[in-house]
>>> print(open('query15.txt').read())   # compact mmCIF, C-alpha atoms
# COMPACT_ATOMS: atom_id res chain seq x y z
CA GLY V 22 12.45 18.09 -0.82
CA GLU V 23 15.09 15.45 -0.33
CA ASN V 24 16.24 13.29 -3.23
CA VAL V 25 18.34 10.15 -2.74
CA GLU V 26 20.10 8.40 -5.59
CA GLN V 27 21.48 4.89 -5.19
CA HIS V 28 23.94 2.92 -7.32
CA PRO V 29 24.27 0.31 -8.62
CA SER V 30 20.78 -1.08 -9.08
CA THR V 31 22.14 -4.63 -9.24
CA LEU V 32 25.38 -6.07 -7.94
CA SER V 33 26.68 -9.59 -8.27
CA VAL V 34 29.72 -10.70 -6.27
CA GLN V 35 31.36 -13.99 -5.46
CA GLU V 36 31.21 -15.31 -1.94
CA GLY V 37 34.02 -13.83 0.10
CA ASP V 38 34.36 -10.71 -2.02
CA SER V 39 33.42 -7.21 -0.88
CA ALA V 40 30.37 -5.25 -2.00
CA VAL V 41 29.98 -1.48 -2.06
CA ILE V 42 26.75 0.44 -2.55
CA LYS V 43 26.77 4.20 -2.95
CA CYS V 44 24.13 6.84 -2.29
CA THR V 45 23.96 10.60 -2.74
CA TYR V 46 21.48 12.98 -1.17
CA SER V 47 20.44 16.51 -2.01
CA ASP V 48 19.25 18.17 1.22
CA SER V 49 22.10 19.42 3.37
CA ALA V 50 19.70 19.46 6.34
CA SER V 51 19.57 15.65 6.34
CA ASN V 52 21.44 14.32 9.34
CA TYR V 53 20.51 10.65 9.76
CA PHE V 54 21.26 7.92 7.23
CA PRO V 55 20.01 4.37 7.81
CA TRP V 56 20.51 1.31 5.63
CA TYR V 57 17.91 -1.41 5.28
CA LYS V 58 18.09 -4.95 3.97
CA GLN V 59 14.97 -6.47 2.50
CA GLU V 60 14.77 -10.15 1.65
CA LEU V 61 12.11 -11.35 -0.75
CA GLY V 62 8.68 -11.18 0.84
CA LYS V 63 9.98 -9.79 4.12
CA ARG V 64 10.06 -6.47 5.90
CA PRO V 65 12.95 -4.01 5.51
CA GLN V 66 15.40 -4.65 8.31
CA LEU V 67 17.67 -1.95 9.70
CA ILE V 68 21.26 -3.14 9.41
CA ILE V 69 23.30 -0.05 10.20
CA ASP V 70 22.91 3.70 10.43
CA ILE V 71 25.07 6.79 10.71
CA ARG V 72 24.51 10.31 11.94
CA SER V 73 25.96 13.43 10.43
CA ASN V 74 28.44 14.02 13.24
CA VAL V 75 30.19 10.72 12.43
CA GLY V 76 32.27 9.91 9.36
CA GLU V 77 32.36 6.14 9.62
CA LYS V 78 30.69 3.34 11.56
CA LYS V 79 31.41 -0.36 11.55
CA ASP V 80 29.52 -3.41 12.77
CA GLN V 81 31.31 -6.70 12.11
CA ARG V 82 31.33 -7.20 8.32
CA ILE V 83 29.28 -4.08 7.60
CA ALA V 84 30.53 -0.51 7.52
CA VAL V 85 29.05 2.79 6.44
CA THR V 86 30.92 5.97 5.51
CA LEU V 87 29.52 9.49 5.23
CA ASN V 88 30.94 12.50 3.43
CA LYS V 89 28.78 15.47 4.37
CA THR V 90 30.62 17.88 2.13
CA ALA V 91 30.03 15.76 -0.95
CA LYS V 92 26.62 14.60 0.30
CA HIS V 93 27.26 10.95 -0.23
CA PHE V 94 27.34 7.85 1.91
CA SER V 95 28.26 4.27 1.19
CA LEU V 96 27.65 0.77 2.52
CA HIS V 97 30.53 -1.67 2.57
CA ILE V 98 30.03 -5.39 3.11
CA THR V 99 33.15 -7.50 3.47
CA GLU V 100 33.52 -11.27 3.21
CA THR V 101 30.11 -11.59 1.61
CA GLN V 102 28.04 -14.70 2.25
CA PRO V 103 25.05 -16.17 0.37
CA GLU V 104 22.73 -14.95 3.14
CA ASP V 105 23.76 -11.36 2.28
CA SER V 106 21.75 -11.72 -0.95
CA ALA V 107 18.86 -9.25 -0.71
CA VAL V 108 17.80 -5.77 -1.78
CA TYR V 109 19.54 -2.99 0.12
CA PHE V 110 18.04 0.48 0.55
CA CYS V 111 19.77 3.61 1.70
CA ALA V 112 17.73 6.43 3.19
CA ALA V 113 18.11 9.98 4.41
CA ASP V 114 16.08 11.59 7.17
CA ASP V 115 15.84 15.33 6.81
CA GLY V 116 14.49 15.28 10.33
CA SER V 117 13.00 18.76 10.29
CA GLY V 118 13.87 18.67 13.95
CA THR V 119 12.27 15.76 15.69
CA ALA V 120 9.81 14.64 13.02
CA SER V 121 10.79 11.66 10.89
CA LYS V 122 10.65 11.54 7.12
CA LEU V 123 12.82 8.96 5.43
CA THR V 124 13.54 9.37 1.74
CA PHE V 125 14.73 6.09 0.26
CA GLY V 126 17.02 5.25 -2.60
CA THR V 127 15.71 2.96 -5.33
CA GLY V 128 17.46 -0.10 -3.95
CA THR V 129 20.36 -2.35 -4.89
CA ARG V 130 19.77 -6.02 -5.55
CA LEU V 131 22.84 -7.83 -4.25
CA GLN V 132 23.44 -11.38 -5.33
CA VAL V 133 26.23 -13.38 -3.72
CA THR V 134 27.19 -16.38 -5.80
CA LEU V 135 29.05 -19.46 -4.60
CA LYS R 11 9.94 -7.45 23.04
CA ALA R 12 7.30 -7.79 20.32
CA GLY R 13 8.04 -6.17 16.99
CA VAL R 14 5.87 -3.93 14.88
CA THR R 15 2.63 -5.67 14.00
CA GLN R 16 0.47 -4.83 11.01
CA THR R 17 -2.98 -6.17 10.26
CA PRO R 18 -4.29 -7.48 8.03
CA ARG R 19 -1.42 -9.05 6.08
CA TYR R 20 -3.34 -9.26 2.82
CA LEU R 21 -6.32 -7.40 1.49
CA ILE R 22 -8.22 -7.44 -1.78
CA LYS R 23 -10.54 -4.52 -2.47
CA THR R 24 -12.57 -3.24 -5.39
CA ARG R 25 -12.05 0.14 -7.03
CA GLY R 26 -14.02 2.84 -5.26
CA GLN R 27 -14.04 1.10 -1.90
CA GLN R 28 -12.17 2.29 1.15
CA VAL R 29 -9.76 0.42 3.37
CA THR R 30 -8.30 0.76 6.85
CA LEU R 31 -4.93 -0.68 7.81
CA SER R 32 -3.66 -1.05 11.35
CA CYS R 33 -0.22 -0.81 12.93
CA SER R 34 0.83 -1.61 16.49
CA PRO R 35 4.28 -0.19 17.26
CA ILE R 36 6.98 -1.63 19.46
CA SER R 37 6.13 -1.05 23.10
CA GLY R 38 7.43 2.34 24.21
CA HIS R 39 7.72 3.72 20.69
CA ARG R 40 5.70 6.87 20.18
CA SER R 41 6.42 7.62 16.52
CA VAL R 42 4.69 5.72 13.74
CA SER R 43 5.40 6.35 10.07
CA TRP R 44 3.69 4.87 7.04
CA TYR R 45 5.29 4.04 3.69
CA GLN R 46 4.02 2.74 0.37
CA GLN R 47 6.20 0.27 -1.49
CA THR R 48 5.67 -0.46 -5.18
CA PRO R 49 8.00 -1.93 -7.82
CA GLY R 50 7.79 1.27 -9.86
CA GLN R 51 8.06 3.97 -7.20
CA GLY R 52 9.98 2.16 -4.49
CA LEU R 53 9.47 3.16 -0.86
CA GLN R 54 7.59 6.41 -0.48
CA PHE R 55 6.78 8.26 2.73
CA LEU R 56 3.10 8.79 3.49
CA PHE R 57 2.96 10.40 6.94
CA GLU R 58 4.32 10.31 10.47
CA TYR R 59 2.45 10.48 13.76
CA PHE R 60 3.74 11.22 17.22
CA SER R 61 1.59 11.48 20.33
CA GLU R 62 -1.58 11.44 18.23
CA THR R 63 -0.39 14.36 16.06
CA GLN R 64 0.59 14.21 12.41
CA ARG R 65 4.04 15.80 12.26
CA ASN R 66 4.95 15.14 8.66
CA LYS R 67 3.19 14.31 5.43
CA GLY R 68 4.38 13.06 2.05
CA ASN R 69 3.11 13.88 -1.43
CA PHE R 70 0.02 11.74 -1.56
CA PRO R 71 -3.55 12.81 -2.35
CA GLY R 72 -6.04 13.54 0.40
CA ARG R 73 -7.59 10.09 -0.09
CA PHE R 74 -4.77 8.85 2.11
CA SER R 75 -5.24 9.69 5.75
CA GLY R 76 -4.20 8.38 9.10
CA ARG R 77 -4.51 8.73 12.80
CA GLN R 78 -2.81 7.65 15.98
CA PHE R 79 -4.40 6.62 19.23
CA SER R 80 -3.31 7.34 22.78
CA ASN R 81 -1.64 3.91 23.01
CA SER R 82 0.46 4.83 19.93
CA ARG R 83 -1.34 2.35 17.68
CA SER R 84 -1.96 3.85 14.28
CA GLU R 85 -4.35 3.36 11.42
CA MET R 86 -4.22 4.56 7.85
CA ASN R 87 -7.22 4.89 5.61
CA VAL R 88 -7.44 5.03 1.85
CA SER R 89 -10.75 6.12 0.39
CA THR R 90 -12.06 5.76 -3.16
CA LEU R 91 -9.49 3.13 -4.02
CA GLU R 92 -7.80 3.20 -7.40
CA LEU R 93 -5.94 0.40 -9.19
CA GLY R 94 -2.71 2.33 -8.66
CA ASP R 95 -3.12 2.06 -4.89
CA SER R 96 -2.16 -1.61 -5.08
CA ALA R 97 1.03 -1.82 -3.05
CA LEU R 98 2.71 -3.06 0.08
CA TYR R 99 1.94 -0.64 2.92
CA LEU R 100 4.57 -0.62 5.61
CA CYS R 101 4.56 1.06 8.94
CA ALA R 102 7.65 1.79 10.99
CA SER R 103 7.90 2.69 14.63
CA SER R 104 10.64 4.53 16.48
CA TRP R 105 11.12 5.89 19.94
CA MET R 106 11.10 9.58 19.07
CA GLY R 107 10.89 9.89 15.29
CA GLY R 108 13.61 11.87 13.56
CA ASN R 109 17.18 10.59 13.76
CA THR R 110 16.24 7.47 15.68
CA GLU R 111 16.15 3.86 14.53
CA ALA R 112 12.93 2.95 12.75
CA PHE R 113 11.72 -0.65 12.70
CA PHE R 114 9.30 -1.89 10.09
CA GLY R 115 6.32 -4.16 10.34
CA GLN R 116 5.80 -6.97 7.85
CA GLY R 117 3.41 -4.85 5.83
CA THR R 118 -0.10 -5.12 4.45
CA ARG R 119 -0.31 -6.23 0.83
CA LEU R 120 -3.25 -4.35 -0.72
CA THR R 121 -4.57 -5.41 -4.10
CA VAL R 122 -7.20 -3.27 -5.79
CA VAL R 123 -9.19 -4.97 -8.54
>>> encode(input="query15.txt", output="structure tokens")
Amino acid sequence: GENVEQHPSTLSVQEGDSAVIKCTYSDSASNYFPWYKQELGKRPQLIIDIRSNVGEKKDQRIAVTLNKTAKHFSLHITETQPEDSAVYFCAADDGSGTASKLTFGTGTRLQVTL
Amino acid sequence: KAGVTQTPRYLIKTRGQQVTLSCSPISGHRSVSWYQQTPGQGLQFLFEYFSETQRNKGNFPGRFSGRQFSNSRSEMNVSTLELGDSALYLCASSWMGGNTEAFFGQGTRLTVV
């Protein structure tokens, strides 16, 4: 089955700096890669996603890149703000066609300090 | 548009009991997936339902089961509860399932004592 590794497990940046979180996956059949942000005590919230036919996607301060050959994808947050502090999860959906099965990374705790 | 709703929010059960959790998806979404979240194991896939059919299943024992109704609402059941079943159970709904955006409910926090 799919295996997703995520690094780093914790990340501390100063407000205004950039943050990068990296994930690798094992199943070449995976073709959908969402990122979730989870604040303490709250539900995971989808922040951005990318499909295998796209190399990069950007939404304001957030961008995701995908390298299918190397089987890795990354989340980039620019101009970080204190409200970006949360745990971020990457995931891969091996799809198996139309069925959904997300395999999650172990999470990155991002802390943005003033 | 209402989000994904899970009930109850909190539950305390005794070892050996069984429990049923409920999930109402976003209107129009036909796929419902269930995940278990624990500090040690992270987010793990339990199963996915679409049009009342289980399409995918994770590596959990048979004590974990689920079903989906014709209105897309879903329930999951855990029988013969063990201490290790204490976790946050999250459901996520999406329009079609694979390769489409999945939105999570706020979860049911299950504590087994």
>>> closest_residue(input="query15.txt", among="V:Gly128, V:His97, V:Glu23, V:Ala113", to="Ile71 in chain V", atoms="all atoms listed in the file")
V:Ala113
>>> residues_near_point(input="query15.txt", point="(1.4, -2.5, 7.3)", cutoff="7 Å", atoms="only C-alpha atoms", output="short mmCIF file (atom, residue, chain, number, x, y, z; two decimals) with C-alpha atoms, keeping the file's coordinate frame")
data_model
loop_
_atom_site.label_atom_id
_atom_site.label_comp_id
_atom_site.auth_asym_id
_atom_site.auth_seq_id
_atom_site.Cartn_x
_atom_site.Cartn_y
_atom_site.Cartn_z
CA GLN R 16 0.47 -4.83 11.01
CA THR R 17 -2.98 -6.17 10.26
CA LEU R 31 -4.93 -0.68 7.81
CA SER R 32 -3.66 -1.05 11.35
CA CYS R 33 -0.22 -0.81 12.93
CA TYR R 99 1.94 -0.64 2.92
CA LEU R 100 4.57 -0.62 5.61
CA CYS R 101 4.56 1.06 8.94
CA GLY R 115 6.32 -4.16 10.34
CA GLN R 116 5.80 -6.97 7.85
CA GLY R 117 3.41 -4.85 5.83
CA THR R 118 -0.10 -5.12 4.45
#
>>> atom_distance(input="query15.txt", atom1="CA of Lys58 in chain V", atom2="CA of Tyr109 in chain V")
4.6 Å
>>> atom_distance(input="query15.txt", atom1="CA of Met86 in chain R", atom2="CA of Thr129 in chain V")
28.5 Å
>>> closest_residue(input="query15.txt", among="R:Leu91, R:Glu58, R:Leu53, R:Gly107", to="Pro71 in chain R", atoms="all atoms listed in the file")
R:Leu91
>>> interface_residues(input="query15.txt", of="chain R", to="chain V", cutoff="8 Å", atoms="only C-alpha atoms", output="list in words")
Ser43, Gln51, Gly52, Leu53, Gln54, Phe55, Phe57, Glu58, Arg65, Asn66, Met106, Gly107, Gly108, Asn109, Thr110, Glu111, Ala112, Phe113, Phe114, Gly115, Gln116 and Gly117 of chain R
>>> closest_residue(input="query15.txt", among="R:Gly94, R:Gly13, R:Gly76, R:Gly26", to="Gly38 in chain R", atoms="all atoms listed in the file")
R:Gly13
>>> atom_distance(input="query15.txt", atom1="CA of Ile83 in chain V", atom2="CA of Arg40 in chain R")
28.9 Å
>>> closest_residue(input="query15.txt", among="R:Gln28, R:Thr90, R:Gln64, R:Asn81", to="Trp44 in chain R", atoms="only C-alpha atoms")
R:Gln64
>>> axis_aligned_box(input="query15.txt", around="range 34-38 of chain V", padding_each_side="8 Å", output="lines of an AutoDock Vina configuration file")
center_x = 32.0
center_y = -13.0
center_z = -3.1
size_x = 20.6
size_y = 20.6
size_z = 22.4
>>> residues_around(input="query15.txt", residues="Leu32 in chain V", least_positions_apart="6", cutoff="10 Å", atoms="only C-alpha atoms", output="PyMOL selection string")
chain V and resi 40-42+106+108+129-133
>>> residues_around(input="query15.txt", residues="Ala97 in chain R", least_positions_apart="6", cutoff="7 Å", atoms="all atoms listed in the file", output="PyMOL selection string")
chain R and resi 46-48+119-121
>>> closest_residue(input="query15.txt", among="R:Val29, R:Lys23, R:Ala12, R:Ala102", to="Asn87 in chain R", atoms="all atoms listed in the file")
R:Val29
>>> residues_around(input="query15.txt", residues="Gly72 in chain R", least_positions_apart="3", cutoff="9 Å", atoms="all atoms listed in the file", output="list in words")
Ser75, Val88 and Ser89 of chain R
>>> closest_residue(input="query15.txt", among="V:Leu61, V:Leu135, V:Asn74, V:Glu26", to="Cys44 in chain V", atoms="all atoms listed in the file")
V:Glu26
>>> build_atoms(input="query15.txt", residues="range 59-89 of chain V", atoms="N, CA and C atoms", output="compact mmCIF listing (two decimals), in the frame of the given file")
# COMPACT_ATOMS: atom_id res chain seq x y z
N GLN V 59 16.28 -5.87 2.67
CA GLN V 59 14.97 -6.47 2.50
C GLN V 59 15.09 -7.76 1.69
N GLU V 60 14.80 -8.86 2.34
CA GLU V 60 14.77 -10.15 1.65
C GLU V 60 13.40 -10.32 1.02
N LEU V 61 13.34 -11.18 0.03
CA LEU V 61 12.11 -11.35 -0.75
C LEU V 61 10.93 -11.71 0.15
N GLY V 62 9.89 -10.91 0.08
CA GLY V 62 8.68 -11.18 0.84
C GLY V 62 8.75 -10.82 2.31
N LYS V 63 9.84 -10.14 2.71
CA LYS V 63 9.98 -9.79 4.12
C LYS V 63 10.04 -8.29 4.33
N ARG V 64 10.02 -7.90 5.57
CA ARG V 64 10.06 -6.47 5.90
C ARG V 64 11.46 -5.92 5.75
N PRO V 65 11.61 -4.62 5.47
CA PRO V 65 12.95 -4.01 5.51
C PRO V 65 13.49 -4.09 6.93
N GLN V 66 14.75 -4.48 7.02
CA GLN V 66 15.40 -4.65 8.31
C GLN V 66 16.57 -3.69 8.42
N LEU V 67 16.58 -2.91 9.48
CA LEU V 67 17.67 -1.95 9.70
C LEU V 67 18.96 -2.72 9.99
N ILE V 68 20.01 -2.42 9.21
CA ILE V 68 21.26 -3.14 9.41
C ILE V 68 22.36 -2.25 9.99
N ILE V 69 22.33 -0.98 9.67
CA ILE V 69 23.30 -0.05 10.20
C ILE V 69 22.83 1.36 9.91
N ASP V 70 23.26 2.31 10.69
CA ASP V 70 22.91 3.70 10.43
C ASP V 70 24.07 4.60 10.83
N ILE V 71 24.02 5.85 10.38
CA ILE V 71 25.07 6.79 10.71
C ILE V 71 24.47 8.18 10.83
N ARG V 72 24.98 8.94 11.76
CA ARG V 72 24.51 10.31 11.94
C ARG V 72 25.55 11.28 11.42
N SER V 73 25.12 12.50 11.17
CA SER V 73 25.96 13.43 10.43
C SER V 73 27.20 13.87 11.18
N ASN V 74 27.26 13.62 12.48
CA ASN V 74 28.44 14.02 13.24
C ASN V 74 29.51 12.93 13.27
N VAL V 75 29.27 11.86 12.48
CA VAL V 75 30.19 10.72 12.43
C VAL V 75 30.56 10.46 10.99
N GLY V 76 31.84 10.15 10.73
CA GLY V 76 32.27 9.91 9.36
C GLY V 76 32.23 8.45 8.96
N GLU V 77 32.32 7.55 9.95
CA GLU V 77 32.36 6.14 9.62
C GLU V 77 31.84 5.34 10.81
N LYS V 78 31.20 4.23 10.51
CA LYS V 78 30.69 3.34 11.56
C LYS V 78 30.80 1.92 11.07
N LYS V 79 31.21 1.02 11.96
CA LYS V 79 31.41 -0.36 11.55
C LYS V 79 30.71 -1.31 12.52
N ASP V 80 30.15 -2.37 11.96
CA ASP V 80 29.52 -3.41 12.77
C ASP V 80 29.84 -4.75 12.12
N GLN V 81 30.84 -5.41 12.63
CA GLN V 81 31.31 -6.70 12.11
C GLN V 81 31.67 -6.56 10.64
N ARG V 82 30.96 -7.23 9.73
CA ARG V 82 31.33 -7.20 8.32
C ARG V 82 30.74 -6.00 7.57
N ILE V 83 29.97 -5.20 8.25
CA ILE V 83 29.28 -4.08 7.60
C ILE V 83 29.84 -2.76 8.09
N ALA V 84 30.06 -1.84 7.16
CA ALA V 84 30.53 -0.51 7.52
C ALA V 84 29.81 0.52 6.67
N VAL V 85 29.64 1.70 7.19
CA VAL V 85 29.05 2.79 6.44
C VAL V 85 29.96 4.01 6.59
N THR V 86 30.14 4.74 5.49
CA THR V 86 30.92 5.97 5.51
C THR V 86 30.04 7.12 5.06
N LEU V 87 30.31 8.30 5.56
CA LEU V 87 29.52 9.49 5.23
C LEU V 87 30.45 10.64 4.92
N ASN V 88 30.21 11.29 3.80
CA ASN V 88 30.94 12.50 3.43
C ASN V 88 29.91 13.61 3.30
N LYS V 89 29.80 14.42 4.34
CA LYS V 89 28.78 15.47 4.37
C LYS V 89 29.04 16.55 3.33
